[in-house]
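I have placed the structure first, in the form of structure tokens, so that the comments after it can refer back to it.
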Amino acid sequence: MALSVSALRRPRLLALAAACTVVATVCGVATAPGSVAAAPVGTPGAPGAGDTYFPDLGNGGYDALHYDLGVSYHPSSGRLDGRTTLTARATQNLSAFDLDLQKLDVTAVRVDGRPARFTRAGDELTVRPARMLRDGRTFTVTVTYGGVPQPLGGPIIFGSDYGWMKTKDGVFVACEPNAASTWFPSSDHPGDKATYDIRIDAPKGLTGVSNGRLIESGERGGRSYAHWRESRPMATYLATATIGKFDVRTGTTPGGTPIYVATDPTLPTGKVDVYGVTAEATDYWSKVFGPYPFEETGAIVDDMPQAGFSLEVQSKPAYSAVRNESTIVHELAHQWFGDSVSVKDWRHIWLNEGFASYAQWLWAEHKGTKSAHDAFREAYAAIPAGDPFWKIKVADPQRDTMFSDAVYDRGAMTLQALRERIGDRAFFTLLPAWTAAHRYGNAETSQFIALAEKISGRRLGDLFDAWLNTGARPPLPKP
């Protein structure tokens with residue numbers, strides 16, 4: 001078949017036109033009226049949030065909005081079967097995105113109800129939806145998974161195991177800072193908060209306790225179930241699904257906040273009234289720190305001696321076998337400092353632990369047993385100038401020492417030094433102003449310093465530099 005001259009020239013003209021289109025796109029030349037704009041191109045979200053200490057925690061490309069967790073636990077084998085649906089909003093055109101998940105096996109992933117491809121690389125689960133997710137679009141990802149969750153260890157939490165920890169009758173779940181992803185796929189960084197529905201399935205006779213308010217509970221098919229809802233934004237490490245035999249007491253604090261306390265009946269009664277102290281401290285801190293930020297207060301008291309710590313689980317702090325009044329008021333103070341106002345980056349951890357430790361001094365002052373002024377000076381005098389305690393820079397304590405005594409105690413000293421510099425009126429205006437300014441959000445040290453300077457009307461850089469940024473013992477404030 002013969003080709004005409006015009007037909008021979010057409011491929012060259014088409015190639016020239018395509019080249020011009022590329023040039024126009026690159027150079028920003030306006031597209032002619034009536035022409036079709038190029039389809040947007042998606043790119044993968046970042047595999048981490050870029051945290052100073054845990055750069056791979058959290059993920060980029062989307063904002064987590066809500067987790068719907070369903071977990072079924074089998075204590076005899078230690079197996080967990082889970083199904084998590086995350087609702088999120090894309091913050092870029094996404095061709096793929098990551099979730100944090102440690103060791104558990106994934107059997108299926110769906111995005112907006114459609115099967116999605118996925119791959120695993122270490123603790124990263126990479127999901128490739130069938131279609132690009134446009135910037136600003138809300139989507140859901142559902143992950144079906146299972147296995148035997150393993151606790152984490154190492155030097156970070158005082159050398160203790162943490163995360164998903166088996167007990168004699170169930171499991172104790174306390175996940176700070178990076179263990180939430182040992183039991184559910186997530187964007188596991190405090191900078192990416194979300195609301196939660198948590199459904200717990202366990203053997204008959206066991207109780208599943210979680211965050212927020214209990215929506216429904218009961219027994220069916222020889223199993224117990226509980227549905228909890230946390231309607232306030234929550235960091236992943238504060239989520240729990242603690243399971244065991246518990247005596248449960250409910251009611252309201254004198255100030256009217258609902259309270260739920262679950263206690264392992266095998267523990268000795270002891271001298272501390274967990275329910276009573278929780279109610280009293282919740283109401284008192286509401287006066288000092290601002291309105292209680294959550295729908296319910298309470299406690300989970302479990303027989304878990306291997307856990308050498310307690311944790312400020314949102315709305316219900318979790319206590320291992322070691323507990324006392326001072327620990328309770330510390331963890332409840334965290335409901336404001338750490339839970340409602342969370343760190344932007346883990347290096348700012350003193351904003352959690354320094355404030356909660358200082359709350360213990362405030363509680364003693366409230367009870368009339370010792371002033372914060374005296375507690376400060378006693379703690380200061382007990383630690384010689386050459387002690388390694390003073391070498392840790394509290395504003396950036398490093399990952400493996402982020403929960404060192406210095407972060408807690410020198411952090412508390414910083415606040416008392418501040419109080420003595422600016423006076424009680426400014427100081428007790430500052431605390432509720434801080435929790436109000438960042439309620440349900442995230443903050444960092446520079447913002448606290450700026451607010452303290454604004455409220456006090458004084459320059460405070462020298463004070464914070466001496467107490468937070470130097471590797472030496474600062475001088476005591478002048479009386």
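The chains in the structure tokens are called A, B, ... from first to last as shown; in each chain the residues are counted from 1, and the ligands are counted from 1 in the order shown.
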Task: Test item: residues at most 8 Å from Val272 in chain A, only C-alpha atoms, excluding those fewer than 4 positions along its chain, as a PyMOL selection string - done: chain A and resi 277+324-325
Please produce a file of those selected residues containing C-alpha atoms, as an mmCIF file, in the first residue's frame.
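File written: out.cif
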data_model
loop_
_atom_site.group_PDB
_atom_site.id
_atom_site.type_symbol
_atom_site.label_atom_id
_atom_site.label_comp_id
_atom_site.auth_asym_id
_atom_site.auth_seq_id
_atom_site.Cartn_x
_atom_site.Cartn_y
_atom_site.Cartn_z
ATOM 1 C CA VAL A 277 -6.568 9.054 94.864
ATOM 2 C CA ASN A 324 1.797 4.316 95.328
ATOM 3 C CA GLU A 325 0.056 7.662 95.713
#
Open item on the list: For Ala46 in chain A, find every residue with an atom within 8 Å (counting only C-alpha atoms), except residues of its own chain fewer than 4 positions away, and show them as a PyMOL selection string.
Closed with: chain A and resi 59-61+97-98
Contacts of range 52-74 of chain A with range 214-230 of chain A up to 10 Å, shortest pair per row, only C-alpha atoms, as a Markdown table:
| residue | atom | partner | partner_atom | distance |
| --- | --- | --- | --- | --- |
| A:His66 | CA | A:Glu230 | CA | 9.7 |
| A:Tyr67 | CA | A:Glu230 | CA | 9.8 |
| A:Asp68 | CA | A:Arg229 | CA | 9.2 |
| A:Leu69 | CA | A:His227 | CA | 9.6 |
| A:Gly70 | CA | A:His227 | CA | 9.0 |
| A:Val71 | CA | A:Tyr225 | CA | 9.9 |
| A:Ser72 | CA | A:Tyr225 | CA | 9.0 |
What are the closest atom pairs, with distances in Å to one decimal, for each residue of range 298-339 of chain A lying within 12 Å of range 235-258 of chain A, using only C-alpha atoms, rows by chain and rising residue number, as CSV?
residue,atom,partner,partner_atom,distance
A:Gly298,CA,A:Pro258,CA,8.2
A:Ala299,CA,A:Val248,CA,9.9
A:Ile300,CA,A:Thr242,CA,8.1
A:Val301,CA,A:Phe246,CA,8.5
A:Asp302,CA,A:Gly244,CA,8.1
A:Asp303,CA,A:Gly244,CA,9.5
A:Met304,CA,A:Gly244,CA,11.0
A:Ser310,CA,A:Leu238,CA,11.8
A:Leu311,CA,A:Leu238,CA,8.2
A:Glu312,CA,A:Leu238,CA,7.0
A:Val313,CA,A:Leu238,CA,4.7
A:Gln314,CA,A:Leu238,CA,5.5
A:Ser315,CA,A:Leu238,CA,9.2
A:Lys316,CA,A:Thr240,CA,9.3
A:Pro317,CA,A:Leu238,CA,9.0
A:Ala318,CA,A:Thr242,CA,8.8
A:Tyr319,CA,A:Thr242,CA,11.1
A:Ser320,CA,A:Thr242,CA,11.6
A:Glu331,CA,A:Leu238,CA,11.9
A:His334,CA,A:Leu238,CA,10.8
A:Gln335,CA,A:Leu238,CA,10.2
A:Gly338,CA,A:Ala235,CA,9.2
A:Asp339,CA,A:Ala235,CA,7.3
Output for the residues just chosen: C-alpha atoms as a CSV table (one decimal), in the first residue's frame:
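Result written to part.csv:
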chain,number,residue,atom,x,y,z
A,298,GLY,CA,-9.4,5.9,85.9
A,299,ALA,CA,-6.7,3.3,86.3
A,300,ILE,CA,-5.7,-0.2,85.2
A,301,VAL,CA,-3.9,-1.9,88.1
A,302,ASP,CA,-2.4,-5.3,86.9
A,303,ASP,CA,-0.1,-7.9,88.4
A,304,MET,CA,2.8,-7.4,86.1
A,310,SER,CA,3.7,2.6,85.0
A,311,LEU,CA,2.4,4.5,82.0
A,312,GLU,CA,0.0,7.4,81.4
A,313,VAL,CA,-2.3,5.5,79.2
A,314,GLN,CA,-4.8,8.1,78.0
A,315,SER,CA,-7.8,8.3,80.3
A,316,LYS,CA,-6.7,5.2,82.4
A,317,PRO,CA,-3.0,5.1,83.5
A,318,ALA,CA,-1.7,1.5,83.6
A,319,TYR,CA,0.1,0.5,86.8
A,320,SER,CA,2.3,-2.5,87.2
A,331,GLU,CA,0.6,9.6,85.8
A,334,HIS,CA,0.5,13.3,82.3
A,335,GLN,CA,-3.2,13.4,81.1
A,338,GLY,CA,2.0,14.2,77.5
A,339,ASP,CA,-1.4,13.0,76.6
Open item on the list: Taking the DSSP secondary structure from the backbone, can you list the residues of range 368-471 of chain A that are alpha helix (DSSP H), as a PyMOL selection string?
Closed with: chain A and resi 372-381+405+411-422+424-437+445-456+461-464
Quick one: everything within 8 Å of range 445-450 of chain A, counting only C-alpha atoms, minus sequence neighbours fewer than 3 positions away in the same chain. Send it as a tab-separated table (two decimals) with C-alpha atoms, in the first residue's frame.
chain	number	residue	atom	x	y	z
A	348	HIS	CA	11.34	17.18	74.02
A	351	LEU	CA	7.85	18.45	78.66
A	395	ALA	CA	16.49	19.49	76.34
A	434	TRP	CA	0.12	26.06	78.21
A	453	GLU	CA	8.29	34.98	78.63
A	454	LYS	CA	5.04	36.39	77.30
A	460	LEU	CA	14.15	33.74	80.52
A	461	GLY	CA	16.68	32.35	78.05
A	464	PHE	CA	16.27	27.61	80.55
Open item on the list: Report as a ChimeraX atom specification all protein, DNA and RNA residues lying within 12 Å of Thr435 in chain A, evaluated on only C-alpha atoms, omitting residues in the same chain fewer than 2 positions from it.
Closed with: /A:285-286,288-293,333-342,351-352,355,428-433,437-443,447-448,451
Save out the residues we just selected, C-alpha atoms, as an mmCIF file, in the first residue's frame.
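The new file result_14.cif reads:
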data_model
loop_
_atom_site.group_PDB
_atom_site.id
_atom_site.type_symbol
_atom_site.label_atom_id
_atom_site.label_comp_id
_atom_site.auth_asym_id
_atom_site.auth_seq_id
_atom_site.Cartn_x
_atom_site.Cartn_y
_atom_site.Cartn_z
ATOM 1 C CA TRP A 285 -5.208 18.922 88.695
ATOM 2 C CA SER A 286 -8.296 20.229 86.882
ATOM 3 C CA VAL A 288 -4.262 23.745 88.663
ATOM 4 C CA PHE A 289 -3.672 22.663 85.040
ATOM 5 C CA GLY A 290 -6.997 23.527 83.424
ATOM 6 C CA PRO A 291 -10.133 21.479 82.659
ATOM 7 C CA TYR A 292 -9.671 17.699 82.523
ATOM 8 C CA PRO A 293 -9.097 16.986 78.818
ATOM 9 C CA ALA A 333 -0.661 14.855 85.625
ATOM 10 C CA HIS A 334 0.450 13.300 82.339
ATOM 11 C CA GLN A 335 -3.157 13.449 81.133
ATOM 12 C CA TRP A 336 -2.417 17.153 80.586
ATOM 13 C CA PHE A 337 1.361 16.997 80.046
ATOM 14 C CA GLY A 338 2.030 14.248 77.530
ATOM 15 C CA ASP A 339 -1.438 13.039 76.594
ATOM 16 C CA SER A 340 -3.416 16.174 75.745
ATOM 17 C CA VAL A 341 -0.281 18.234 75.022
ATOM 18 C CA SER A 342 2.125 15.805 73.360
ATOM 19 C CA LEU A 351 7.846 18.451 78.660
ATOM 20 C CA ASN A 352 6.142 15.208 79.688
ATOM 21 C CA PHE A 355 6.072 18.385 84.386
ATOM 22 C CA PHE A 428 0.183 29.323 87.937
ATOM 23 C CA THR A 429 -1.185 31.383 85.061
ATOM 24 C CA LEU A 430 1.350 29.764 82.747
ATOM 25 C CA LEU A 431 0.446 26.119 83.460
ATOM 26 C CA PRO A 432 -3.232 26.226 82.349
ATOM 27 C CA ALA A 433 -2.338 28.648 79.542
ATOM 28 C CA ALA A 437 -2.776 26.647 73.910
ATOM 29 C CA HIS A 438 -1.834 23.126 72.781
ATOM 30 C CA ARG A 439 -4.865 21.091 73.886
ATOM 31 C CA TYR A 440 -5.017 17.816 71.893
ATOM 32 C CA GLY A 441 -1.973 18.937 69.925
ATOM 33 C CA ASN A 442 1.824 18.842 69.941
ATOM 34 C CA ALA A 443 4.432 21.254 71.218
ATOM 35 C CA GLN A 447 7.089 27.292 72.521
ATOM 36 C CA PHE A 448 6.981 26.807 76.279
ATOM 37 C CA LEU A 451 4.815 31.495 76.454
#
Open item on the list: Residues within 8 Å of Thr126 in chain A, please, as a list in words. Count only C-alpha atoms; anything in the same chain fewer than 5 positions from it doesn't count.
Closed with: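 In the requested form, the answer reads Ala96, Phe97, Asp98, Leu99, Phe118, Thr119, Arg120 and Ala121 of chain A.
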Emit the selected residues as an mmCIF file, in the first residue's frame, including N, CA and C atoms.
data_model
loop_
_atom_site.group_PDB
_atom_site.id
_atom_site.type_symbol
_atom_site.label_atom_id
_atom_site.label_comp_id
_atom_site.auth_asym_id
_atom_site.auth_seq_id
_atom_site.Cartn_x
_atom_site.Cartn_y
_atom_site.Cartn_z
ATOM 1 N N ALA A 96 1.857 5.553 46.954
ATOM 2 C CA ALA A 96 2.078 4.508 47.949
ATOM 3 C C ALA A 96 2.272 5.187 49.300
ATOM 4 N N PHE A 97 2.059 4.446 50.369
ATOM 5 C CA PHE A 97 2.268 4.989 51.705
ATOM 6 C C PHE A 97 2.638 3.856 52.651
ATOM 7 N N ASP A 98 3.200 4.214 53.784
ATOM 8 C CA ASP A 98 3.677 3.223 54.744
ATOM 9 C C ASP A 98 2.839 3.218 56.017
ATOM 10 N N LEU A 99 2.837 2.059 56.668
ATOM 11 C CA LEU A 99 2.344 1.894 58.034
ATOM 12 C C LEU A 99 3.456 1.221 58.836
ATOM 13 N N PHE A 118 0.910 -4.871 48.703
ATOM 14 C CA PHE A 118 1.709 -4.439 49.846
ATOM 15 C C PHE A 118 3.004 -5.233 49.902
ATOM 16 N N THR A 119 4.011 -4.624 50.491
ATOM 17 C CA THR A 119 5.303 -5.275 50.701
ATOM 18 C C THR A 119 5.767 -4.962 52.120
ATOM 19 N N ARG A 120 6.699 -5.778 52.621
ATOM 20 C CA ARG A 120 7.265 -5.577 53.953
ATOM 21 C C ARG A 120 8.771 -5.367 53.842
ATOM 22 N N ALA A 121 9.279 -4.429 54.630
ATOM 23 C CA ALA A 121 10.725 -4.217 54.746
ATOM 24 C C ALA A 121 10.992 -3.804 56.188
#
TODO: Please provide as number ranges by chain all residues within 12 Å of Leu125 in chain A, with the sequence filter that same-chain residues fewer than 5 positions apart are discarded (counting only C-alpha atoms).
DONE: A: 45-48, 56-59, 96-109, 116-120, 141, 143, 145, 181, 184-187
- [ ] Run DSSP on the backbone and give me the residues of range 33-264 of chain A it puts in strand (DSSP E), as a ChimeraX atom specification.
- [x] /A:43-44,62-74,79-90,94-100,105-111,114-115,117-121,124-128,138-147,163-166,171-174,194-203,207-209,213-220,223-234,242-244,247-252,258-263
Task: Selected residue, from A:Ala279, A:Ile383, A:Ile328, A:Ala417, that lies nearest to Arg473 in chain A when counting only C-alpha atoms - done: A:Ile383
Task: Shortest interatomic distance to Arg410 in chain A - which of A:Arg425, A:Lys393, A:His330, A:Lys271, counting only C-alpha atoms - done: A:Lys393
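We find CA of Ala412 in chain A and CA of Tyr358 in chain A to be spaced 4.5 Å apart.
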